[in-house]
>>> print(open('structure_30.pdb').read())   # PDB, C-alpha atoms and all ligand atoms
MODEL        1
ATOM      1  CA  MET A   6      97.011 135.417 115.471
ATOM      2  CA  ASP A   7      93.296 134.871 114.769
ATOM      3  CA  ASP A   8      91.275 132.334 116.733
ATOM      4  CA  GLU A   9      91.350 129.577 114.151
ATOM      5  CA  THR A  10      95.125 129.799 113.671
ATOM      6  CA  TRP A  11      95.606 129.796 117.407
ATOM      7  CA  VAL A  12      93.426 126.724 117.868
ATOM      8  CA  GLU A  13      95.334 124.841 115.165
ATOM      9  CA  GLU A  14      98.762 125.830 116.450
ATOM     10  CA  MET A  15      97.925 125.050 120.027
ATOM     11  CA  ASN A  16      96.315 121.732 119.156
ATOM     12  CA  VAL A  17      93.500 122.412 121.601
ATOM     13  CA  ASN A  18      89.906 121.424 120.693
ATOM     14  CA  ASN A  19      89.604 122.343 117.071
ATOM     15  CA  THR A  20      86.059 121.310 116.226
ATOM     16  CA  ILE A  21      84.551 124.040 114.070
ATOM     17  CA  VAL A  22      80.920 124.491 115.022
ATOM     18  CA  GLU A  23      78.525 126.375 112.763
ATOM     19  CA  ARG A  24      76.593 129.280 114.216
ATOM     20  CA  GLY A  25      73.204 127.974 115.371
ATOM     21  CA  ALA A  26      74.279 124.305 115.440
ATOM     22  CA  PRO A  27      72.734 122.374 118.369
ATOM     23  CA  ILE A  28      75.012 122.231 121.408
ATOM     24  CA  ILE A  29      72.777 120.798 124.116
ATOM     25  CA  SER A  30      69.384 119.156 124.157
ATOM     26  CA  LEU A  31      67.387 117.820 127.071
ATOM     27  CA  GLU A  32      64.212 115.806 126.531
ATOM     28  CA  SER A  33      61.801 114.761 129.271
ATOM     29  CA  VAL A  34      64.569 114.907 131.878
ATOM     30  CA  ARG A  35      63.867 114.254 135.548
ATOM     31  CA  ILE A  36      66.525 114.894 138.185
ATOM     32  CA  ARG A  37      66.351 113.344 141.632
ATOM     33  CA  LEU A  38      68.913 113.831 144.370
ATOM     34  CA  GLY A  39      68.535 111.449 147.267
ATOM     35  CA  LYS A  40      64.790 111.141 147.811
ATOM     36  CA  ARG A  41      64.021 114.587 146.396
ATOM     37  CA  THR A  42      62.819 115.379 142.904
ATOM     38  CA  ILE A  43      64.696 118.535 141.927
ATOM     39  CA  GLN A  44      63.383 118.922 138.367
ATOM     40  CA  GLU A  45      60.619 117.258 136.331
ATOM     41  CA  ASN A  46      60.201 117.075 132.582
ATOM     42  CA  ILE A  47      62.974 119.428 131.430
ATOM     43  CA  ASN A  48      62.804 120.046 127.679
ATOM     44  CA  LEU A  49      65.222 122.528 126.212
ATOM     45  CA  SER A  50      67.811 123.029 123.536
ATOM     46  CA  ILE A  51      70.618 125.546 123.183
ATOM     47  CA  ASN A  52      72.552 126.327 120.022
ATOM     48  CA  ALA A  53      76.084 127.491 119.246
ATOM     49  CA  GLY A  54      76.618 131.161 119.973
ATOM     50  CA  GLU A  55      73.513 131.569 122.185
ATOM     51  CA  PHE A  56      73.752 133.477 125.444
ATOM     52  CA  VAL A  57      71.346 132.007 128.013
ATOM     53  CA  ALA A  58      70.718 133.153 131.594
ATOM     54  CA  ILE A  59      69.534 130.625 134.182
ATOM     55  CA  LEU A  60      67.305 132.294 136.762
ATOM     56  CA  GLY A  61      65.218 131.219 139.738
ATOM     57  CA  PRO A  62      64.991 131.220 143.531
ATOM     58  CA  ASN A  63      67.583 129.740 145.906
ATOM     59  CA  GLY A  64      67.606 125.973 145.886
ATOM     60  CA  ALA A  65      65.493 125.698 142.703
ATOM     61  CA  GLY A  66      68.103 123.611 140.892
ATOM     62  CA  LYS A  67      70.150 126.048 138.776
ATOM     63  CA  SER A  68      73.563 124.664 139.792
ATOM     64  CA  THR A  69      72.112 121.138 139.606
ATOM     65  CA  LEU A  70      71.360 121.734 135.929
ATOM     66  CA  LEU A  71      75.016 122.626 135.335
ATOM     67  CA  LYS A  72      76.158 119.536 137.265
ATOM     68  CA  LEU A  73      73.978 117.405 134.994
ATOM     69  CA  LEU A  74      75.714 118.808 131.896
ATOM     70  CA  LEU A  75      79.127 118.306 133.517
ATOM     71  CA  GLY A  76      78.359 114.618 134.072
ATOM     72  CA  LEU A  77      78.597 115.018 137.856
ATOM     73  CA  ILE A  78      75.048 113.783 138.389
ATOM     74  CA  LYS A  79      72.793 111.641 136.206
ATOM     75  CA  ALA A  80      69.260 112.218 134.988
ATOM     76  CA  GLU A  81      66.843 109.720 136.475
ATOM     77  CA  THR A  82      64.879 109.619 133.213
ATOM     78  CA  GLY A  83      65.008 111.344 129.828
ATOM     79  CA  THR A  84      67.746 112.163 127.339
ATOM     80  CA  VAL A  85      70.623 114.612 127.715
ATOM     81  CA  ARG A  86      72.906 115.298 124.753
ATOM     82  CA  ILE A  87      75.909 117.602 124.502
ATOM     83  CA  MET A  88      77.010 117.947 120.903
ATOM     84  CA  GLY A  89      75.143 114.692 120.237
ATOM     85  CA  ARG A  90      76.728 112.700 123.070
ATOM     86  CA  PRO A  91      75.721 111.902 126.659
ATOM     87  CA  PRO A  92      77.334 114.053 129.373
ATOM     88  CA  ARG A  93      80.698 112.866 130.643
ATOM     89  CA  ARG A  94      83.156 114.114 133.255
ATOM     90  CA  GLY A  95      86.179 115.988 131.957
ATOM     91  CA  ASN A  96      84.474 116.945 128.673
ATOM     92  CA  THR A  97      86.795 119.529 127.088
ATOM     93  CA  ASP A  98      83.907 120.860 124.973
ATOM     94  CA  ILE A  99      82.682 122.434 128.214
ATOM     95  CA  GLY A 100      84.346 125.282 130.095
ATOM     96  CA  TYR A 101      83.088 125.675 133.656
ATOM     97  CA  ALA A 102      83.549 128.497 136.133
ATOM     98  CA  PRO A 103      82.149 127.354 139.502
ATOM     99  CA  GLN A 104      80.496 129.597 142.074
ATOM    100  CA  HIS A 105      83.249 131.800 143.358
ATOM    101  CA  ARG A 106      84.255 132.483 146.912
ATOM    102  CA  VAL A 107      86.590 135.428 147.419
ATOM    103  CA  LEU A 108      90.114 134.038 147.879
ATOM    104  CA  GLU A 109      92.190 134.478 151.019
ATOM    105  CA  ALA A 110      94.005 137.832 150.974
ATOM    106  CA  ASP A 111      97.343 136.196 151.801
ATOM    107  CA  LEU A 112      97.124 133.633 148.979
ATOM    108  CA  ALA A 113     100.425 134.255 147.215
ATOM    109  CA  LEU A 114      99.861 132.272 143.991
ATOM    110  CA  ARG A 115     100.197 134.371 140.870
ATOM    111  CA  ALA A 116      97.064 134.966 138.798
ATOM    112  CA  ARG A 117      98.562 133.240 135.733
ATOM    113  CA  ASP A 118      99.388 130.119 137.791
ATOM    114  CA  VAL A 119      95.794 129.895 138.988
ATOM    115  CA  VAL A 120      94.580 130.076 135.375
ATOM    116  CA  GLY A 121      97.104 127.368 134.458
ATOM    117  CA  PHE A 122      95.448 124.944 136.907
ATOM    118  CA  GLY A 123      92.652 124.761 134.325
ATOM    119  CA  LEU A 124      94.992 122.795 132.047
ATOM    120  CA  ASP A 125      95.977 120.239 134.662
ATOM    121  CA  GLY A 126      94.034 117.019 134.411
ATOM    122  CA  HIS A 127      93.600 117.513 130.646
ATOM    123  CA  ARG A 128      95.929 116.156 128.004
ATOM    124  CA  TRP A 129      97.326 119.699 127.834
ATOM    125  CA  GLY A 130      98.436 119.374 131.449
ATOM    126  CA  PRO A 131     101.865 119.313 133.046
ATOM    127  CA  GLY A 132     103.345 117.036 130.357
ATOM    128  CA  TRP A 133     102.421 119.470 127.607
ATOM    129  CA  PRO A 134     105.316 121.470 126.123
ATOM    130  CA  SER A 135     105.793 124.537 128.275
ATOM    131  CA  ARG A 136     105.845 126.935 125.289
ATOM    132  CA  LYS A 137     102.357 125.821 124.247
ATOM    133  CA  ARG A 138     101.149 125.862 127.816
ATOM    134  CA  THR A 139     102.419 129.395 128.390
ATOM    135  CA  ALA A 140     100.949 130.644 125.110
ATOM    136  CA  THR A 141      97.545 129.075 125.843
ATOM    137  CA  ILE A 142      97.400 130.697 129.269
ATOM    138  CA  GLU A 143      98.580 134.028 127.847
ATOM    139  CA  LYS A 144      95.870 133.972 125.186
ATOM    140  CA  ALA A 145      93.137 133.249 127.775
ATOM    141  CA  LEU A 146      94.418 136.032 130.057
ATOM    142  CA  GLN A 147      94.364 138.430 127.138
ATOM    143  CA  GLU A 148      90.807 137.457 126.203
ATOM    144  CA  VAL A 149      89.508 138.375 129.653
ATOM    145  CA  ASP A 150      91.642 141.533 129.772
ATOM    146  CA  ALA A 151      93.703 140.227 132.705
ATOM    147  CA  LEU A 152      97.252 140.521 131.354
ATOM    148  CA  HIS A 153      97.964 143.627 133.420
ATOM    149  CA  PHE A 154      97.423 141.756 136.700
ATOM    150  CA  ALA A 155      98.647 138.326 135.541
ATOM    151  CA  ASP A 156     101.648 138.338 137.885
ATOM    152  CA  ALA A 157      99.847 139.710 140.949
ATOM    153  CA  PRO A 158      99.132 137.430 143.939
ATOM    154  CA  VAL A 159      95.513 136.296 143.453
ATOM    155  CA  GLY A 160      94.570 136.994 147.070
ATOM    156  CA  GLN A 161      95.160 140.699 146.461
ATOM    157  CA  LEU A 162      92.895 140.926 143.420
ATOM    158  CA  SER A 163      89.354 142.333 143.505
ATOM    159  CA  GLY A 164      86.284 140.100 143.151
ATOM    160  CA  GLY A 165      85.859 141.209 139.527
ATOM    161  CA  GLU A 166      89.509 140.465 138.693
ATOM    162  CA  GLN A 167      89.299 137.024 140.322
ATOM    163  CA  GLN A 168      86.132 136.347 138.341
ATOM    164  CA  ARG A 169      88.005 137.139 135.111
ATOM    165  CA  LEU A 170      90.611 134.527 136.042
ATOM    166  CA  LEU A 171      87.913 131.878 136.530
ATOM    167  CA  ILE A 172      86.536 132.702 133.083
ATOM    168  CA  ALA A 173      90.054 132.561 131.590
ATOM    169  CA  GLN A 174      90.485 129.125 133.143
ATOM    170  CA  ALA A 175      87.199 127.983 131.612
ATOM    171  CA  LEU A 176      88.335 129.125 128.149
ATOM    172  CA  LEU A 177      91.584 127.133 128.042
ATOM    173  CA  THR A 178      90.299 124.110 126.116
ATOM    174  CA  ASN A 179      88.472 126.249 123.530
ATOM    175  CA  PRO A 180      85.055 125.000 124.746
ATOM    176  CA  ARG A 181      81.832 125.022 122.705
ATOM    177  CA  LEU A 182      79.765 125.479 125.881
ATOM    178  CA  LEU A 183      80.633 127.835 128.710
ATOM    179  CA  LEU A 184      78.922 127.240 132.080
ATOM    180  CA  LEU A 185      79.233 130.146 134.498
ATOM    181  CA  ASP A 186      77.760 129.703 137.988
ATOM    182  CA  GLU A 187      76.820 133.086 139.473
ATOM    183  CA  PRO A 188      79.740 135.119 138.101
ATOM    184  CA  LEU A 189      77.958 138.347 139.089
ATOM    185  CA  SER A 190      77.465 137.574 142.778
ATOM    186  CA  ASN A 191      79.561 139.751 145.106
ATOM    187  CA  LEU A 192      80.194 142.324 142.360
ATOM    188  CA  ASP A 193      78.956 145.924 142.373
ATOM    189  CA  ILE A 194      76.780 147.099 139.477
ATOM    190  CA  ALA A 195      79.658 148.503 137.410
ATOM    191  CA  ARG A 196      81.960 145.478 137.850
ATOM    192  CA  GLY A 197      79.017 143.154 137.186
ATOM    193  CA  GLN A 198      78.242 145.012 133.976
ATOM    194  CA  GLU A 199      81.891 144.662 132.875
ATOM    195  CA  ILE A 200      81.676 140.887 133.320
ATOM    196  CA  VAL A 201      78.396 140.773 131.372
ATOM    197  CA  THR A 202      79.993 142.723 128.502
ATOM    198  CA  LEU A 203      83.067 140.472 128.569
ATOM    199  CA  VAL A 204      80.992 137.276 128.490
ATOM    200  CA  ASN A 205      78.768 138.633 125.725
ATOM    201  CA  ASN A 206      81.834 139.510 123.610
ATOM    202  CA  LEU A 207      83.305 136.026 124.159
ATOM    203  CA  CYS A 208      79.988 134.405 123.275
ATOM    204  CA  ARG A 209      79.709 136.312 119.991
ATOM    205  CA  ALA A 210      83.396 136.231 118.970
ATOM    206  CA  ARG A 211      83.946 132.553 119.777
ATOM    207  CA  ASN A 212      80.473 131.342 118.772
ATOM    208  CA  VAL A 213      80.413 129.563 122.128
ATOM    209  CA  ALA A 214      77.073 128.803 123.813
ATOM    210  CA  VAL A 215      76.939 130.393 127.266
ATOM    211  CA  MET A 216      74.764 129.375 130.228
ATOM    212  CA  LEU A 217      75.123 131.874 133.050
ATOM    213  CA  VAL A 218      73.421 131.412 136.430
ATOM    214  CA  ALA A 219      72.205 134.675 137.972
ATOM    215  CA  HIS A 220      69.743 135.953 140.542
ATOM    216  CA  ASP A 221      68.858 139.216 138.810
ATOM    217  CA  VAL A 222      68.062 139.314 135.107
ATOM    218  CA  ASN A 223      68.405 143.084 134.850
ATOM    219  CA  PRO A 224      72.162 143.302 134.142
ATOM    220  CA  LEU A 225      71.655 140.648 131.450
ATOM    221  CA  LEU A 226      68.414 141.812 129.833
ATOM    222  CA  HIS A 227      70.050 143.682 126.953
ATOM    223  CA  VAL A 228      72.412 140.841 125.942
ATOM    224  CA  VAL A 229      70.835 137.416 126.495
ATOM    225  CA  ASP A 230      69.109 135.511 123.708
ATOM    226  CA  LYS A 231      67.132 133.302 126.066
ATOM    227  CA  VAL A 232      66.430 132.734 129.727
ATOM    228  CA  ILE A 233      65.790 129.469 131.546
ATOM    229  CA  TYR A 234      63.612 130.099 134.576
ATOM    230  CA  VAL A 235      63.769 127.364 137.222
ATOM    231  CA  ALA A 236      61.191 127.132 140.019
ATOM    232  CA  ASN A 237      58.850 124.709 141.719
ATOM    233  CA  GLN A 238      60.603 121.615 140.239
ATOM    234  CA  HIS A 239      60.027 122.814 136.685
ATOM    235  CA  CYS A 240      61.755 125.081 134.219
ATOM    236  CA  THR A 241      60.798 127.033 131.156
ATOM    237  CA  ILE A 242      62.956 128.471 128.355
ATOM    238  CA  GLY A 243      62.374 131.293 125.894
ATOM    239  CA  THR A 244      63.297 134.894 125.200
ATOM    240  CA  PRO A 245      63.130 137.208 128.243
ATOM    241  CA  GLU A 246      59.934 138.716 126.753
ATOM    242  CA  GLU A 247      58.351 135.266 126.521
ATOM    243  CA  VAL A 248      59.404 133.938 129.908
ATOM    244  CA  ILE A 249      59.462 136.901 132.267
ATOM    245  CA  THR A 250      55.746 137.645 132.176
ATOM    246  CA  SER A 251      53.140 137.462 134.927
ATOM    247  CA  GLU A 252      51.315 134.697 133.069
ATOM    248  CA  THR A 253      54.338 132.428 132.442
ATOM    249  CA  LEU A 254      55.846 132.820 135.904
ATOM    250  CA  THR A 255      52.474 132.348 137.634
ATOM    251  CA  ARG A 256      52.105 129.077 135.736
ATOM    252  CA  LEU A 257      55.674 128.010 136.601
ATOM    253  CA  TYR A 258      55.488 128.860 140.317
ATOM    254  CA  GLY A 259      51.918 127.618 140.629
ATOM    255  CA  SER A 260      51.029 130.771 142.593
ATOM    256  CA  PRO A 261      50.346 134.412 141.658
ATOM    257  CA  VAL A 262      53.405 136.290 140.369
ATOM    258  CA  GLU A 263      53.365 139.818 139.021
ATOM    259  CA  VAL A 264      56.036 141.063 136.607
ATOM    260  CA  VAL A 265      56.441 144.820 136.662
ATOM    261  CA  ARG A 266      58.505 146.666 134.045
ATOM    262  CA  ALA A 267      59.608 150.137 135.130
ATOM    263  CA  LEU A 268      62.603 152.429 134.530
ATOM    264  CA  GLY A 269      63.995 149.932 131.984
ATOM    265  CA  ARG A 270      64.093 147.215 134.617
ATOM    266  CA  VAL A 271      62.069 144.115 135.366
ATOM    267  CA  PHE A 272      60.759 143.335 138.846
ATOM    268  CA  VAL A 273      59.278 139.962 139.755
ATOM    269  CA  VAL A 274      56.847 140.411 142.639
ATOM    270  CA  GLY A 275      55.079 137.781 144.723
ATOM    271  CA  ALA A 276      57.595 135.004 144.219
ATOM    272  CA  GLU A 277      60.548 134.115 146.349
ATOM    273  CA  ILE A 278      63.251 135.025 143.800
TER     274      ILE A 278
HETATM  275  N1  LIG A 301      72.832 115.203 147.343
HETATM  276  C1  LIG A 301      71.681 115.834 147.501
HETATM  277  N2  LIG A 301      70.594 115.196 148.004
HETATM  278  C2  LIG A 301      69.416 115.821 148.161
HETATM  279  N3  LIG A 301      69.201 117.125 147.814
HETATM  280  C3  LIG A 301      70.246 117.800 147.307
HETATM  281  C4  LIG A 301      71.553 117.210 147.108
HETATM  282  N4  LIG A 301      72.368 118.143 146.585
HETATM  283  C5  LIG A 301      71.632 119.271 146.439
HETATM  284  N5  LIG A 301      70.368 119.069 146.882
HETATM  285  C6  LIG A 301      69.260 120.044 146.868
HETATM  286  O1  LIG A 301      68.963 120.348 145.539
HETATM  287  C7  LIG A 301      68.368 121.648 145.467
HETATM  288  C8  LIG A 301      68.923 122.400 144.293
HETATM  289  O2  LIG A 301      70.211 122.889 144.619
HETATM  290  P1  LIG A 301      70.996 123.858 143.639
HETATM  291  O3  LIG A 301      72.320 124.136 144.274
HETATM  292  O4  LIG A 301      70.965 123.322 142.276
HETATM  293  O5  LIG A 301      70.072 125.160 143.684
HETATM  294  P2  LIG A 301      70.350 126.592 143.062
HETATM  295  O6  LIG A 301      69.107 126.956 142.297
HETATM  296  O7  LIG A 301      71.619 126.605 142.321
HETATM  297  O8  LIG A 301      70.432 127.440 144.401
HETATM  298  P3  LIG A 301      71.269 128.802 144.784
HETATM  299  O9  LIG A 301      70.640 129.911 143.991
HETATM  300  O10 LIG A 301      70.977 128.928 146.235
HETATM  301  O11 LIG A 301      72.704 128.542 144.472
HETATM  302  C9  LIG A 301      68.599 122.295 146.814
HETATM  303  O12 LIG A 301      67.393 122.328 147.533
HETATM  304  C10 LIG A 301      69.604 121.366 147.502
HETATM  305  O13 LIG A 301      69.409 121.326 148.890
ENDMDL
END
>>> encode(input="structure_30.pdb", output="structure tokens", more="lines below")
Ligand SMILES: Nc1ncnc2c1ncn2[C@@H]1O[C@H](COP(=O)(O)OP(=O)(O)OP(=O)(O)O)[C@@H](O)[C@H]1O
Amino acid sequence: MDDETWVEEMNVNNTIVERGAPIISLESVRIRLGKRTIQENINLSINAGEFVAILGPNGAGKSTLLKLLLGLIKAETGTVRIMGRPPRRGNTDIGYAPQHRVLEADLALRARDVVGFGLDGHRWGPGWPSRKRTATIEKALQEVDALHFADAPVGQLSGGEQQRLLIAQALLTNPRLLLLDEPLSNLDIARGQEIVTLVNNLCRARNVAVMLVAHDVNPLLHVVDKVIYVANQHCTIGTPEEVITSETLTRLYGSPVEVVRALGRVFVVGAEI
């Protein structure tokens, strides 16, 4: 079954979005939490099918940006649009995989049941015909190459396998925007690279816009279209070549930053990254 047929048969989100169509736009956005200004004057747009990494030091506001899009916090000023509409909780156009803590080893739930939790709370939840529910979960498991461990207790799965389940969960409503909060943390280089390849394939095949929070751009350099760099209450967006330069990052941090490219890798020196 191809994707379009599946979407129609399953009656999940079936908006067809053209490649390059605008998915999110933020104009002059300020975010305050409590008495603190987290971000000032955010201006950015992301289109269908774009793969975007969100980078920056601890506490800079990367997860906060995702929470804004999820409707969990509000902008103090400015305009936020997701497919032309303001953010709202429970938006099925968005698939979200939160920051992942490794699950308890004795957690006996099966992997496919954990993925199924992603349908609960939506109109495709417990009341949905079980054949459709099972097929939707099966399709998501297959897309993240998790069918072979779908019946294993989740607590016994590796960090990379558990991460695949979170991504499967995020795919269930056929989202147009996929928000992944640090899916590479706690993974070794090889497992991290597998997740990057998986996400890149999903992004291209589904024409879904992806925003992936990471601490190191290097595993992502060869696949991302753009990076958003968040620091010092500001952020900047562009291609990695535009953003990850000494000049741009020095301006963003407001203090000297040196970007060194060596051995096919990028090193940001002089900033707390
Ligand atoms: N309710 C709140 N009131 C005040 N400040 C808050 C609140 N919630 C979060 N913050 C602060 O907002 C800042 C941004 O947090 P956020 O989690 O977005 O950072 P991050 O860039 O994702 O960090 P990390 O890389 O460590 O996950 C942090 O300094 C945090 O302490």
>>> residues_near_ligand(input="structure_30.pdb", ligand="ligand LIG 301 (chain A)", cutoff="6 Å", atoms="all atoms listed in the file", output="count of residues only")
12
>>> resolve_selection(input="structure_30.pdb", expression="the PyMOL selection byres (((chain A and resi 246-258) around 12) and not hetatm)", output="ChimeraX atom specification")
/A:45,58-62,65,221-223,226-227,229-245,259-266,270-278
>>> write_last_selection(input="structure_30.pdb", atoms="C-alpha atoms", output="PDB file, in the frame of the given file")
ATOM      1  CA  GLU A  45      60.619 117.258 136.331  1.00  0.00           C
ATOM      2  CA  ALA A  58      70.718 133.153 131.594  1.00  0.00           C
ATOM      3  CA  ILE A  59      69.534 130.625 134.182  1.00  0.00           C
ATOM      4  CA  LEU A  60      67.305 132.294 136.762  1.00  0.00           C
ATOM      5  CA  GLY A  61      65.218 131.219 139.738  1.00  0.00           C
ATOM      6  CA  PRO A  62      64.991 131.220 143.531  1.00  0.00           C
ATOM      7  CA  ALA A  65      65.493 125.698 142.703  1.00  0.00           C
ATOM      8  CA  ASP A 221      68.858 139.216 138.810  1.00  0.00           C
ATOM      9  CA  VAL A 222      68.062 139.314 135.107  1.00  0.00           C
ATOM     10  CA  ASN A 223      68.405 143.084 134.850  1.00  0.00           C
ATOM     11  CA  LEU A 226      68.414 141.812 129.833  1.00  0.00           C
ATOM     12  CA  HIS A 227      70.050 143.682 126.953  1.00  0.00           C
ATOM     13  CA  VAL A 229      70.835 137.416 126.495  1.00  0.00           C
ATOM     14  CA  ASP A 230      69.109 135.511 123.708  1.00  0.00           C
ATOM     15  CA  LYS A 231      67.132 133.302 126.066  1.00  0.00           C
ATOM     16  CA  VAL A 232      66.430 132.734 129.727  1.00  0.00           C
ATOM     17  CA  ILE A 233      65.790 129.469 131.546  1.00  0.00           C
ATOM     18  CA  TYR A 234      63.612 130.099 134.576  1.00  0.00           C
ATOM     19  CA  VAL A 235      63.769 127.364 137.222  1.00  0.00           C
ATOM     20  CA  ALA A 236      61.191 127.132 140.019  1.00  0.00           C
ATOM     21  CA  ASN A 237      58.850 124.709 141.719  1.00  0.00           C
ATOM     22  CA  GLN A 238      60.603 121.615 140.239  1.00  0.00           C
ATOM     23  CA  HIS A 239      60.027 122.814 136.685  1.00  0.00           C
ATOM     24  CA  CYS A 240      61.755 125.081 134.219  1.00  0.00           C
ATOM     25  CA  THR A 241      60.798 127.033 131.156  1.00  0.00           C
ATOM     26  CA  ILE A 242      62.956 128.471 128.355  1.00  0.00           C
ATOM     27  CA  GLY A 243      62.374 131.293 125.894  1.00  0.00           C
ATOM     28  CA  THR A 244      63.297 134.894 125.200  1.00  0.00           C
ATOM     29  CA  PRO A 245      63.130 137.208 128.243  1.00  0.00           C
ATOM     30  CA  GLY A 259      51.918 127.618 140.629  1.00  0.00           C
ATOM     31  CA  SER A 260      51.029 130.771 142.593  1.00  0.00           C
ATOM     32  CA  PRO A 261      50.346 134.412 141.658  1.00  0.00           C
ATOM     33  CA  VAL A 262      53.405 136.290 140.369  1.00  0.00           C
ATOM     34  CA  GLU A 263      53.365 139.818 139.021  1.00  0.00           C
ATOM     35  CA  VAL A 264      56.036 141.063 136.607  1.00  0.00           C
ATOM     36  CA  VAL A 265      56.441 144.820 136.662  1.00  0.00           C
ATOM     37  CA  ARG A 266      58.505 146.666 134.045  1.00  0.00           C
ATOM     38  CA  ARG A 270      64.093 147.215 134.617  1.00  0.00           C
ATOM     39  CA  VAL A 271      62.069 144.115 135.366  1.00  0.00           C
ATOM     40  CA  PHE A 272      60.759 143.335 138.846  1.00  0.00           C
ATOM     41  CA  VAL A 273      59.278 139.962 139.755  1.00  0.00           C
ATOM     42  CA  VAL A 274      56.847 140.411 142.639  1.00  0.00           C
ATOM     43  CA  GLY A 275      55.079 137.781 144.723  1.00  0.00           C
ATOM     44  CA  ALA A 276      57.595 135.004 144.219  1.00  0.00           C
ATOM     45  CA  GLU A 277      60.548 134.115 146.349  1.00  0.00           C
ATOM     46  CA  ILE A 278      63.251 135.025 143.800  1.00  0.00           C
TER      47      ILE A 278
END
>>> closest_residue(input="structure_30.pdb", among="A:Thr202, A:Leu268, A:Asn179, A:Val149", to="Ile99 in chain A", atoms="all atoms listed in the file")
A:Asn179
>>> closest_residue(input="structure_30.pdb", among="A:Leu114, A:Ile28, A:Val120, A:Ile78", to="Asn52 in chain A", atoms="all atoms listed in the file")
A:Ile28
>>> resolve_selection(input="structure_30.pdb", expression="the PyMOL selection byres (((chain A and resi 204) around 12) and not hetatm)", output="JSON, numbers by chain")
{"A": [54, 55, 56, 57, 58, 102, 148, 149, 150, 168, 169, 171, 172, 173, 175, 176, 183, 184, 185, 188, 189, 197, 198, 199, 200, 201, 202, 203, 205, 206, 207, 208, 209, 210, 211, 212, 213, 214, 215, 216, 217, 225, 228, 229]}
>>> atom_distance(input="structure_30.pdb", atom1="CA of Gly165 in chain A", atom2="CA of Ala195 in chain A")
9.8 Å
>>> atom_distance(input="structure_30.pdb", atom1="CA of Gly100 in chain A", atom2="CA of Arg181 in chain A")
7.8 Å
>>> resolve_selection(input="structure_30.pdb", expression="the PyMOL selection byres (((chain A and resi 190) around 9) and not hetatm)", output="list in words")
Gln104, His105, Glu187, Pro188, Leu189, Asn191, Leu192, Asp193, Gly197, Ala219 and His220 of chain A
>>> atom_distance(input="structure_30.pdb", atom1="CA of Thr42 in chain A", atom2="CA of Gly95 in chain A")
25.8 Å
>>> residues_around(input="structure_30.pdb", residues="range 74-76 of chain A", least_positions_apart="3", cutoff="6 Å", atoms="all atoms listed in the file", output="compact mmCIF listing (two decimals) with C-alpha atoms, in the frame of the given file")
# COMPACT_ATOMS: atom_id res chain seq x y z
CA LEU A 71 75.02 122.63 135.34
CA PRO A 92 77.33 114.05 129.37
CA ARG A 93 80.70 112.87 130.64
CA ARG A 94 83.16 114.11 133.26
>>> axis_aligned_box(input="structure_30.pdb", around="range 220-237 of chain A", padding_each_side="6 Å", output="AutoDock Vina command-line options")
--center_x 65.6 --center_y 134.2 --center_z 132.7 --size_x 25.6 --size_y 31.0 --size_z 30.0
>>> residues_around(input="structure_30.pdb", residues="Glu143 in chain A", least_positions_apart="5", cutoff="12 Å", atoms="all atoms listed in the file", output="ChimeraX atom specification")
/A:11,15,116-118,120-121,135-138,148-156,170,173-174,176-177
>>> closest_residue(input="structure_30.pdb", among="A:Leu112, A:Lys40, A:Thr139, A:Gly89", to="Ala26 in chain A", atoms="all atoms listed in the file")
A:Gly89
>>> decode(input="structure_30.pdb", residues="range 141-153 of chain A", atoms="C-alpha atoms", output="PDB file, in the first residue's frame")
ATOM      1  CA  THR A 141      -1.899   2.188  11.819  1.00  0.00           C
ATOM      2  CA  ILE A 142       0.477   1.037  14.544  1.00  0.00           C
ATOM      3  CA  GLU A 143       1.886  -1.695  12.294  1.00  0.00           C
ATOM      4  CA  LYS A 144       2.572   0.802   9.514  1.00  0.00           C
ATOM      5  CA  ALA A 145       4.393   3.184  11.902  1.00  0.00           C
ATOM      6  CA  LEU A 146       6.477   0.320  13.334  1.00  0.00           C
ATOM      7  CA  GLN A 147       7.422  -0.727   9.829  1.00  0.00           C
ATOM      8  CA  GLU A 148       8.433   2.815   8.876  1.00  0.00           C
ATOM      9  CA  VAL A 149      10.944   3.004  11.721  1.00  0.00           C
ATOM     10  CA  ASP A 150      12.152  -0.555  11.080  1.00  0.00           C
ATOM     11  CA  ALA A 151      10.889  -1.769  14.470  1.00  0.00           C
ATOM     12  CA  LEU A 152       8.658  -4.689  13.469  1.00  0.00           C
ATOM     13  CA  HIS A 153      11.246  -7.255  14.538  1.00  0.00           C
TER      14      HIS A 153
END
